[in-house]
Amino acid sequence: MSWHASLQLDYAREGGRSVARFAHDGPLRILQSLWPEGDAICHNVLVHPPGGLVGGDTLEVRVSGAEGSHGLVTTPGASRFYRSEGDTALQDVRIRLEPGARLEWLPLEALYYSGCQAHNRMAMELAPGAELLGWDVAAFGLPQAGQPFVRGSVLQHIELAGNWLERGRIAADDARLMDGPLGLAGHRCLASLFFTAGSELPRARREALLEAAREVIATHPLAAGAGATSPTPQVVVVRVLAPLVEPAMGLLQAIRRAWRPLAWSTAGADPRGWAI
């Protein structure tokens, strides 16, 4: 029996504090709001008690940010897409931010087991003046546990409405993609960090974000498989290939710490759960 779960998470600015209100249906929850950085930024942890998706399951997450609010969403562990007998497991995240709103979308990795049929979709709609810092980290199989990604398919979709779209299918039996030098080159973790805006970022601001990312990458062990670019004036992207999740996640976290002061004059503090 497939499970359907949905969550609506709404951020607003009230009395000088960013606050979160939420409603859910099915096994998808938000833990209590926290303000470890002060009232301006509301931290929340998104929890899916079953721990993973099988064929036919659907997770729908809707996030809105009202003017002047700043929300941060993370997860306590990886999202897991298990083996399917044919039906697709869908995670559908849609984010809408009003002018002046900020959101950090920072879930831990999505782990795709061999044999999965997965669709991971993220769509952002940002009003002028709204900004989002987020990432997507995909891990294919469990190579260290002797469970390589040899069957199955993953459709990844990341979109900033009207401005930027990345959509691609990663099929386990596509040897040229999985192991070729123009594909994943044998790596089994593909990670993307992005800073997106509802209006064009001034050139100097984009260049500052790119330079900061490249400075971090230059001294990191994954430097040969990482790069930063700005595909449109509203988007800055860092892409990383790695054999495992941990070094890729460490690199993205380091760049986020460098980006936050540049973009928002905010310290690069990590959510408390990342230290556990």
# chains A, B, ... in the order shown; residues from 1 in each chain; ligands from 1

call {"tool": "select_by_dssp", "arguments": {"residues": "segment 70-167 of chain A", "states": "strand (DSSP E or B)", "output": "ChimeraX atom specification"}}
result
/A:70-74,79-81,89-97,102-106,110-112,116-126,131-140,142,147,152-160,164-167

call {"tool": "closest_atom_pairs", "arguments": {"of": "segment 102-126 of chain A", "to": "segment 230-253 of chain A", "cutoff": "10 Å", "atoms": "only C-alpha atoms", "output": "CSV"}}
result
residue,atom,partner,partner_atom,distance
A:Leu106,CA,A:Gln253,CA,9.5
A:Leu108,CA,A:Met249,CA,8.3
A:Glu109,CA,A:Val245,CA,7.5
A:Ala110,CA,A:Val245,CA,9.8
A:Leu111,CA,A:Val245,CA,9.4

call {"tool": "closest_residue", "arguments": {"among": "A:Ser2, A:Asn44, A:Arg83, A:Arg96", "to": "Leu59 of chain A", "atoms": "only C-alpha atoms"}}
result
A:Ser2

call {"tool": "residues_around", "arguments": {"residues": "segment 264-276 of chain A", "least_positions_apart": "4", "cutoff": "12 Å", "atoms": "only C-alpha atoms", "output": "ChimeraX atom specification"}}
result
/A:31,34-38,40-46,70-77,100-108,130-133,195,205,209,246,249-250,252-260

call {"tool": "select_by_dssp", "arguments": {"residues": "segment 219-263 of chain A", "states": "alpha helix (DSSP H)", "output": "ChimeraX atom specification"}}
result
/A:245-263

call {"tool": "residues_around", "arguments": {"residues": "segment 152-164 of chain A", "least_positions_apart": "2", "cutoff": "6 Å", "atoms": "only C-alpha atoms", "output": "ChimeraX atom specification"}}
result
/A:114-125,166-172

call {"tool": "residues_around", "arguments": {"residues": "His187 of chain A", "least_positions_apart": "2", "cutoff": "10 Å", "atoms": "only C-alpha atoms", "output": "PyMOL selection string"}}
result
chain A and resi 139-140+178-180+183-185+189-190+225+241-244

call {"tool": "closest_residue", "arguments": {"among": "A:Gly86, A:Gly26, A:Pro50, A:Gly15", "to": "Gly68 of chain A", "atoms": "only C-alpha atoms"}}
result
A:Gly15

call {"tool": "residues_around", "arguments": {"residues": "Ile30 of chain A", "least_positions_apart": "4", "cutoff": "9 Å", "atoms": "only C-alpha atoms", "output": "ChimeraX atom specification"}}
result
/A:7,9,22-24,44-48

call {"tool": "write_last_selection", "arguments": {"atoms": "C-alpha atoms", "output": "PDB file, in the first residue's frame"}}
result
ATOM      1  CA  LEU A   7       3.031  19.424   4.472  1.00  0.00           C
ATOM      2  CA  LEU A   9       4.916  25.331   5.918  1.00  0.00           C
ATOM      3  CA  PHE A  22       2.365  24.445   9.407  1.00  0.00           C
ATOM      4  CA  ALA A  23      -0.275  21.844   8.647  1.00  0.00           C
ATOM      5  CA  HIS A  24       0.303  18.244   7.612  1.00  0.00           C
ATOM      6  CA  ASN A  44      12.790  24.039  11.463  1.00  0.00           C
ATOM      7  CA  VAL A  45      13.511  20.333  11.044  1.00  0.00           C
ATOM      8  CA  LEU A  46      11.404  18.359   8.572  1.00  0.00           C
ATOM      9  CA  VAL A  47      10.776  14.769   9.703  1.00  0.00           C
ATOM     10  CA  HIS A  48       9.386  11.845   7.709  1.00  0.00           C
TER      11      HIS A  48
END

call {"tool": "residues_around", "arguments": {"residues": "Ala5 of chain A", "least_positions_apart": "4", "cutoff": "12 Å", "atoms": "only C-alpha atoms", "output": "ChimeraX atom specification"}}
result
/A:23-29,47-50,52-53,56-62,89-93

call {"tool": "closest_residue", "arguments": {"among": "A:Ala78, A:Ala138, A:Leu177, A:Ala66", "to": "Gly51 of chain A", "atoms": "only C-alpha atoms"}}
result
A:Ala78

call {"tool": "closest_residue", "arguments": {"among": "A:Ser6, A:Ser192, A:Thr229, A:Ser79", "to": "Ala208 of chain A", "atoms": "only C-alpha atoms"}}
result
A:Thr229
